[in-house]
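Shown next: coords-v1.csv, containing CSV, C-alpha atoms.
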chain,number,residue,atom,x,y,z
A,1,MET,CA,-6.5,-3.9,25.7
A,2,THR,CA,-4.9,-7.3,26.6
A,3,THR,CA,-1.5,-8.4,25.1
A,4,SER,CA,-3.2,-11.2,23.2
A,5,ARG,CA,-5.7,-8.8,21.7
A,6,ILE,CA,-3.0,-6.5,20.6
A,7,ILE,CA,-1.1,-9.4,18.9
A,8,ASP,CA,-4.4,-10.5,17.2
A,9,ARG,CA,-4.9,-7.0,15.9
A,10,HIS,CA,-1.3,-6.9,14.5
A,11,VAL,CA,-1.8,-10.3,13.0
A,12,ARG,CA,-5.0,-9.2,11.4
A,13,ILE,CA,-3.4,-6.1,9.9
A,14,ALA,CA,-0.5,-8.2,8.7
A,15,ALA,CA,-3.0,-10.7,7.1
A,16,VAL,CA,-4.8,-7.8,5.3
A,17,LEU,CA,-1.6,-6.4,4.0
A,18,VAL,CA,-0.3,-9.7,2.9
A,19,ALA,CA,-3.6,-10.6,1.2
A,20,ALA,CA,-3.7,-7.3,-0.6
A,21,GLY,CA,-0.2,-7.7,-1.8
A,22,LEU,CA,-0.7,-11.2,-3.0
A,23,PHE,CA,-3.9,-10.2,-4.7
A,24,VAL,CA,-2.1,-7.4,-6.6
A,25,GLU,CA,0.7,-9.7,-7.5
A,26,LEU,CA,-1.7,-12.4,-8.6
A,27,LEU,CA,-3.6,-9.9,-10.8
A,28,VAL,CA,-0.4,-9.0,-12.8
A,29,LEU,CA,1.3,-12.4,-12.5
A,30,ARG,CA,0.5,-13.3,-16.1
A,31,GLY,CA,1.0,-9.8,-17.5
A,32,VAL,CA,3.6,-9.6,-20.2
A,33,ARG,CA,4.0,-5.9,-20.2
A,34,PRO,CA,6.3,-3.5,-18.4
A,35,ALA,CA,3.3,-2.0,-16.6
A,36,ALA,CA,2.6,-5.4,-15.1
A,37,PHE,CA,6.1,-5.7,-13.8
A,38,LEU,CA,6.0,-2.2,-12.4
A,39,ILE,CA,2.7,-2.8,-10.5
A,40,PHE,CA,4.2,-6.1,-9.2
A,41,VAL,CA,7.3,-4.3,-7.9
A,42,LEU,CA,5.9,-1.0,-6.8
A,43,ALA,CA,2.6,-2.2,-5.3
A,44,GLY,CA,2.6,-6.0,-4.7
A,45,ILE,CA,6.0,-6.4,-3.2
A,46,PRO,CA,5.7,-3.4,-0.8
A,47,LEU,CA,2.3,-4.5,0.5
A,48,VAL,CA,3.6,-8.1,1.1
A,49,THR,CA,6.7,-6.7,2.7
A,50,ALA,CA,4.7,-4.4,5.0
A,51,GLY,CA,2.5,-7.3,6.0
A,52,VAL,CA,5.5,-9.5,6.8
A,53,LEU,CA,7.1,-6.7,8.8
A,54,VAL,CA,3.9,-6.1,10.8
A,55,PHE,CA,3.7,-9.8,11.5
A,56,LEU,CA,7.3,-9.9,12.7
A,57,TYR,CA,6.6,-6.8,14.8
A,58,SER,CA,3.7,-8.6,16.4
A,59,LEU,CA,6.2,-11.4,17.5
A,60,VAL,CA,8.7,-9.1,19.1
A,61,SER,CA,6.1,-6.7,20.7
A,62,VAL,CA,4.7,-9.4,22.9
A,63,ARG,CA,6.5,-8.3,26.1
A,64,ASN,CA,5.4,-4.7,25.5
B,1,MET,CA,-3.8,-31.0,-13.5
B,2,ILE,CA,-0.8,-29.1,-12.0
B,3,THR,CA,1.6,-27.7,-14.7
B,4,PRO,CA,4.6,-25.4,-14.3
B,5,ASP,CA,2.2,-22.6,-15.5
B,6,THR,CA,-0.5,-23.3,-12.9
B,7,LEU,CA,1.8,-23.9,-10.0
B,8,PRO,CA,2.5,-20.2,-9.2
B,9,LEU,CA,-1.2,-19.6,-9.5
B,10,LEU,CA,-2.0,-22.3,-7.0
B,11,LEU,CA,0.8,-21.0,-4.7
B,12,PHE,CA,-0.8,-17.5,-4.8
B,13,LEU,CA,-4.3,-18.8,-4.1
B,14,LEU,CA,-3.0,-20.9,-1.2
B,15,GLY,CA,-1.1,-17.8,0.1
B,16,LEU,CA,-4.3,-15.7,-0.2
B,17,GLY,CA,-6.3,-18.4,1.6
B,18,LEU,CA,-3.8,-18.6,4.5
B,19,ALA,CA,-3.8,-14.8,4.8
B,20,ALA,CA,-7.6,-14.9,4.8
B,21,VAL,CA,-7.6,-17.5,7.6
B,22,PHE,CA,-5.6,-15.1,9.8
B,23,PHE,CA,-7.8,-12.2,9.0
B,24,VAL,CA,-10.9,-14.1,10.1
B,25,ARG,CA,-9.3,-15.9,13.1
B,26,PRO,CA,-6.0,-14.2,14.1
B,27,THR,CA,-5.4,-16.8,16.8
B,28,THR,CA,-1.7,-17.4,17.5
B,29,ALA,CA,-2.1,-18.5,21.2
B,30,THR,CA,-1.4,-22.1,20.5
B,31,ARG,CA,1.8,-23.6,19.1
B,32,GLU,CA,0.1,-24.8,16.0
B,33,GLY,CA,-1.4,-21.3,15.5
B,34,LYS,CA,2.1,-19.7,15.8
B,35,ILE,CA,3.6,-22.2,13.2
B,36,LEU,CA,0.7,-21.6,10.8
B,37,ALA,CA,1.0,-17.8,11.2
B,38,PHE,CA,4.7,-18.1,10.5
B,39,VAL,CA,4.0,-20.1,7.3
B,40,GLY,CA,1.0,-18.0,6.2
B,41,LEU,CA,2.3,-14.6,7.0
B,42,PHE,CA,6.0,-15.0,6.5
B,43,LEU,CA,7.2,-18.0,4.5
B,44,PHE,CA,4.3,-18.1,1.9
B,45,PRO,CA,4.2,-14.4,1.1
B,46,LEU,CA,8.0,-14.4,0.6
B,47,LEU,CA,7.8,-17.5,-1.5
B,48,CYS,CA,5.0,-16.2,-3.6
B,49,SER,CA,6.7,-12.9,-4.2
B,50,ALA,CA,10.0,-14.7,-5.2
B,51,VAL,CA,8.1,-16.9,-7.6
B,52,GLY,CA,6.2,-14.0,-9.1
B,53,PHE,CA,9.4,-11.9,-9.4
B,54,SER,CA,11.1,-14.8,-11.2
B,55,ALA,CA,8.1,-15.2,-13.5
B,56,HIS,CA,8.3,-11.5,-14.4
B,57,MET,CA,12.0,-11.7,-15.0
B,58,GLU,CA,11.3,-14.5,-17.5
B,59,HIS,CA,8.5,-12.5,-19.1
B,60,SER,CA,10.8,-9.6,-19.6
B,61,LYS,CA,13.0,-11.7,-21.9
B,62,THR,CA,10.2,-12.3,-24.3
B,63,THR,CA,9.8,-10.6,-27.7
B,64,THR,CA,6.1,-9.9,-26.8
B,65,PHE,CA,7.3,-8.0,-23.7
B,66,CYS,CA,9.8,-5.8,-25.6
B,67,LEU,CA,7.4,-5.1,-28.4
B,68,SER,CA,4.5,-4.3,-26.1
B,69,CYS,CA,5.6,-0.6,-25.9
B,70,HIS,CA,4.3,1.4,-28.8
B,71,ILE,CA,7.7,2.9,-29.4
B,72,MET,CA,9.1,-0.5,-30.3
B,73,GLU,CA,6.5,-1.3,-32.9
B,74,SER,CA,8.7,-0.4,-35.9
B,75,PHE,CA,11.5,-2.5,-34.4
B,76,GLY,CA,9.1,-5.4,-34.3
B,77,LYS,CA,8.1,-4.8,-37.9
B,78,SER,CA,11.7,-4.7,-38.9
B,79,LEU,CA,12.0,-8.4,-37.9
B,80,TYR,CA,9.7,-9.2,-40.9
B,81,VAL,CA,11.6,-7.4,-43.6
B,82,ASP,CA,12.0,-9.7,-46.6
B,83,ASP,CA,15.7,-8.9,-47.2
B,84,SER,CA,18.5,-11.1,-45.8
B,85,HIS,CA,20.7,-8.0,-45.5
B,86,TYR,CA,18.6,-6.9,-42.5
B,87,ILE,CA,20.5,-9.0,-40.0
B,88,ALA,CA,17.8,-8.7,-37.2
B,89,ALA,CA,15.2,-9.9,-39.7
B,90,ALA,CA,17.4,-12.7,-41.0
B,91,HIS,CA,18.2,-14.0,-37.5
B,92,PHE,CA,14.5,-13.8,-36.4
B,93,GLN,CA,12.9,-15.3,-39.5
B,94,HIS,CA,15.4,-18.2,-39.8
B,95,HIS,CA,15.2,-18.9,-36.0
B,96,ARG,CA,19.0,-18.3,-35.6
B,97,VAL,CA,17.8,-16.7,-32.4
B,98,PRO,CA,14.7,-18.1,-30.5
B,99,ALA,CA,11.8,-16.2,-32.0
B,100,ASP,CA,10.1,-15.8,-28.6
B,101,GLU,CA,13.2,-14.2,-27.1
B,102,ALA,CA,14.6,-12.5,-30.1
B,103,CYS,CA,15.3,-9.1,-28.6
B,104,TYR,CA,16.9,-10.4,-25.4
B,105,THR,CA,19.1,-12.9,-27.2
B,106,CYS,CA,20.9,-10.2,-29.2
B,107,HIS,CA,20.7,-7.4,-26.7
B,108,THR,CA,21.8,-9.1,-23.5
B,109,ASP,CA,25.5,-9.0,-22.5
B,110,TYR,CA,27.2,-12.4,-22.6
B,111,VAL,CA,29.4,-11.8,-19.5
B,112,LEU,CA,29.1,-12.6,-15.8
B,113,TYR,CA,26.0,-10.7,-14.5
B,114,GLY,CA,25.3,-9.6,-18.1
B,115,GLY,CA,21.6,-10.7,-17.7
B,116,ILE,CA,21.3,-8.4,-14.7
B,117,ARG,CA,22.9,-5.5,-16.6
B,118,ALA,CA,20.5,-6.1,-19.5
B,119,LYS,CA,17.5,-6.0,-17.0
B,120,TRP,CA,18.9,-2.8,-15.6
B,121,ARG,CA,19.0,-1.3,-19.0
B,122,GLY,CA,15.4,-2.5,-19.4
B,123,MET,CA,14.5,-0.5,-16.2
B,124,ARG,CA,16.0,2.5,-17.9
B,125,HIS,CA,13.8,1.9,-20.9
B,126,VAL,CA,10.8,1.7,-18.6
B,127,TYR,CA,11.8,4.9,-16.8
B,128,VAL,CA,12.1,6.8,-20.2
B,129,GLN,CA,8.8,5.3,-21.4
B,130,TYR,CA,6.7,6.3,-18.4
B,131,LEU,CA,8.5,9.2,-16.8
B,132,GLY,CA,10.9,10.6,-19.4
B,133,LYS,CA,10.6,11.8,-23.0
B,134,PRO,CA,10.8,8.9,-25.4
B,135,PRO,CA,12.6,9.6,-28.6
B,136,ALA,CA,11.1,8.9,-32.0
B,137,PRO,CA,11.7,5.3,-33.0
B,138,ALA,CA,14.1,6.2,-35.8
B,139,ALA,CA,16.2,8.3,-33.3
B,140,ILE,CA,16.5,5.4,-30.8
B,141,GLN,CA,20.1,4.4,-30.4
B,142,LEU,CA,22.0,1.9,-28.2
B,143,TYR,CA,23.4,3.3,-24.9
B,144,THR,CA,26.8,1.9,-25.9
B,145,PRO,CA,28.1,0.7,-29.2
B,146,TYR,CA,27.1,-2.9,-30.0
B,147,ASN,CA,29.8,-5.3,-28.8
B,148,ASN,CA,31.0,-8.1,-31.2
B,149,ARG,CA,31.0,-10.3,-28.1
B,150,GLU,CA,27.3,-10.7,-28.4
B,151,CYS,CA,27.6,-11.9,-32.1
B,152,LEU,CA,30.5,-14.1,-31.3
B,153,HIS,CA,28.7,-15.8,-28.5
B,154,CYS,CA,27.0,-17.9,-31.2
B,155,HIS,CA,29.1,-17.3,-34.3
B,156,LEU,CA,32.7,-17.9,-33.0
B,157,GLY,CA,33.7,-21.4,-33.8
B,158,ALA,CA,30.8,-21.9,-36.2
B,159,ARG,CA,31.9,-23.2,-39.6
B,160,SER,CA,30.1,-20.5,-41.5
B,161,PHE,CA,32.0,-17.8,-39.6
B,162,GLU,CA,35.4,-19.5,-39.4
B,163,GLU,CA,35.5,-20.5,-43.1
B,164,SER,CA,34.7,-17.0,-44.4
B,165,ALA,CA,37.8,-15.5,-46.0
B,166,THR,CA,36.8,-12.0,-44.8
B,167,HIS,CA,36.4,-13.2,-41.2
B,168,THR,CA,39.7,-15.1,-41.3
B,169,ALA,CA,41.6,-12.1,-42.6
B,170,ILE,CA,40.6,-9.9,-39.6
B,171,HIS,CA,39.7,-12.6,-37.1
B,172,ASP,CA,41.7,-11.1,-34.2
B,173,ASP,CA,40.3,-7.6,-34.8
B,174,ILE,CA,36.8,-9.0,-34.8
B,175,VAL,CA,37.4,-11.0,-31.6
B,176,SER,CA,39.0,-8.0,-29.8
B,177,ASN,CA,36.2,-5.8,-30.9
B,178,GLN,CA,38.6,-3.5,-32.9
B,179,VAL,CA,36.5,-4.0,-36.0
B,180,SER,CA,32.8,-3.8,-35.3
B,181,CYS,CA,30.6,-6.5,-37.0
B,182,ILE,CA,27.7,-4.0,-37.5
B,183,SER,CA,29.3,-0.6,-38.0
B,184,SER,CA,32.3,-1.3,-40.1
B,185,GLY,CA,30.4,-1.5,-43.3
B,186,CYS,CA,30.0,-5.3,-43.2
B,187,HIS,CA,26.7,-6.1,-41.5
B,188,ASP,CA,25.5,-2.5,-41.1
B,189,THR,CA,21.8,-3.1,-41.9
B,190,VAL,CA,20.3,-4.1,-38.6
B,191,HIS,CA,16.8,-2.7,-37.9
B,192,ASN,CA,16.9,0.5,-40.1
B,193,VAL,CA,13.5,1.5,-38.9
B,194,ALA,CA,13.7,4.8,-40.8
B,195,SER,CA,13.5,3.0,-44.2
B,196,LEU,CA,10.8,0.5,-43.5
B,197,ALA,CA,8.3,2.3,-45.7
B,198,ASN,CA,10.3,1.3,-48.8
B,199,VAL,CA,10.9,-2.4,-48.1
B,200,LYS,CA,9.1,-5.6,-48.8
B,201,PHE,CA,7.9,-7.7,-45.9
B,202,TRP,CA,7.8,-11.4,-45.4
B,203,LYS,CA,4.4,-13.0,-45.7
B,204,GLY,CA,4.5,-14.0,-42.0
B,205,ALA,CA,4.5,-10.4,-40.9
B,206,PRO,CA,1.7,-9.7,-38.3

Could the structure of this file be written out as structure tokens, please?
Amino acid sequence: MTTSRIIDRHVRIAAVLVAAGLFVELLVLRGVRPAAFLIFVLAGIPLVTAGVLVFLYSLVSVRN
Amino acid sequence: MITPDTLPLLLFLLGLGLAAVFFVRPTTATREGKILAFVGLFLFPLLCSAVGFSAHMEHSKTTTFCLSCHIMESFGKSLYVDDSHYIAAAHFQHHRVPADEACYTCHTDYVLYGGIRAKWRGMRHVYVQYLGKPPAPAAIQLYTPYNNRECLHCHLGARSFEESATHTAIHDDIVSNQVSCISSGCHDTVHNVASLANVKFWKGAP
């Protein structure tokens, strides 16, 4: 697999994770219940963080 | 029209759109593509999460949020007792505290980082609610005795407080928290959820 294809794969995975995280966060954004806050913090934020980390990894893994 | 309420929503939709673009076409070969990827997969997600977190922090101050747990139902009911001796009810009904942030206004700490401490206590409530063994409403107690500082945040310097002969006589003891406002026999009827069956309610009760 070429370097650019590996990067594209990482970017795609990052996009999926970020989109999933943002979707979860969006679903509970208007929720005024503790459960909404918990879902935001325990599901939304970790998914977005994972996506961002995968994206950052795709940047530094170029030479490899 | 864009309002402060719809702005976070638009931000999230834009963030989702950008993420979708990189799922469909993950091209970062060009300079523009790299910049867009940085915006779409780094800046925007972080911005959206920060905005969402801030929104949830604001929601957590609302009376609706606090009373959304079943265990708090009787405390919410106590805000509608038709008796001015119930200080929580009197403050709520006469809007001495903002009605939509009634719980938070009295139960936060008016010190540096007091808001954070109050939120941390809230997390403890959430833990007990979902993973612990919640006590019966009548058995719920504060983690620490109520500090006069929270009352004095509004009342200190107010004419009604300063001109009261009782307050004047023990002013220093009140300010230094030596004499408690609510547990020294002066204003000791607060929520009293155990006795709600025998009280009259204000007509505005839900």

Check which residues of chain A sit at most 8 Å from chain B using all atoms listed in the file, and return one row each with the closest pair of atoms and their distance in Å to one decimal, ordered by chain and rising number, as CSV.
residue,atom,partner,partner_atom,distance
A:Ser4,CA,B:Ala29,CA,7.6
A:Asp8,CA,B:Pro26,CA,5.1
A:Arg9,CA,B:Pro26,CA,7.5
A:Val11,CA,B:Pro26,CA,5.8
A:Arg12,CA,B:Phe23,CA,4.8
A:Ile13,CA,B:Phe23,CA,7.6
A:Ala14,CA,B:Leu41,CA,7.2
A:Ala15,CA,B:Ala19,CA,4.8
A:Val16,CA,B:Phe23,CA,6.5
A:Val18,CA,B:Ala19,CA,6.5
A:Ala19,CA,B:Leu16,CA,5.3
A:Leu22,CA,B:Leu16,CA,6.4
A:Phe23,CA,B:Leu16,CA,7.1
A:Glu25,CA,B:Gly52,CA,7.2
A:Leu26,CA,B:Phe12,CA,6.4
A:Leu29,CA,B:Gly52,CA,6.2
A:Val32,CA,B:Phe65,CA,5.3
A:Arg33,CA,B:Phe65,CA,5.2
A:Pro34,CA,B:Val126,CA,6.9
A:Phe37,CA,B:His56,CA,6.2
A:Phe40,CA,B:Phe53,CA,7.8
A:Ile45,CA,B:Ser49,CA,6.6
A:Val48,CA,B:Pro45,CA,6.3
A:Gly51,CA,B:Leu41,CA,7.4
A:Val52,CA,B:Phe42,CA,5.5
A:Phe55,CA,B:Leu41,CA,6.7

### Task
With a distance cut-off of 9 Å and only C-alpha atoms, select the neighbouring residues of B:Asn148, excluding the residue or stretch itself and same-chain residues fewer than 6 positions from it, and output the selection as a list in words.
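Skipping anything fewer than 6 positions along the chain leaves Ile174, Val175, Ser176, Asn177, Val179, Ser180, Cys181 and Ile182 of chain B.
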
### Query
Using only C-alpha atoms, which of A:Leu59, A:Val54, A:His10, A:Gly31 sits nearest B:Ile35?
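Checking each candidate against B:Ile35, we get A:Leu59 as the closest.
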
For A:Ile39, find every residue with an atom within 8 Å (counting all atoms listed in the file), except residues of its own chain fewer than 5 positions away, and show them as an mmCIF file with C-alpha atoms, keeping the file's coordinate frame.
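The new file selection14.cif reads:
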data_model
loop_
_atom_site.group_PDB
_atom_site.id
_atom_site.type_symbol
_atom_site.label_atom_id
_atom_site.label_comp_id
_atom_site.auth_asym_id
_atom_site.auth_seq_id
_atom_site.Cartn_x
_atom_site.Cartn_y
_atom_site.Cartn_z
ATOM 1 C CA VAL A 24 -2.100 -7.400 -6.600
ATOM 2 C CA GLU A 25 0.700 -9.700 -7.500
ATOM 3 C CA VAL A 28 -0.400 -9.000 -12.800
ATOM 4 C CA GLY A 44 2.600 -6.000 -4.700
#

#### Entry: Point (20.4, -12.1, -41.4), cut-off 12 Å, counting all atoms listed in the file, residues as a list in words
Ser78, Leu79, Tyr80, Val81, Asp82, Asp83, Ser84, His85, Tyr86, Ile87, Ala88, Ala89, Ala90, His91, Phe92, Gln93, His94, His95, Arg96, Val97, Cys151, Ile182, Cys186, His187, Asp188, Thr189, Val190 and His191 of chain B

### Query
So how far away is atom CA of B:Val39 from atom CA of A:Tyr57, in Å?
15.5 Å

### Query
Distance atom CA of B:Thr144-atom CA of B:Ala102, one decimal place?
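If I compute the distance from atom CA of B:Thr144 to atom CA of B:Ala102, I get 19.3 Å.
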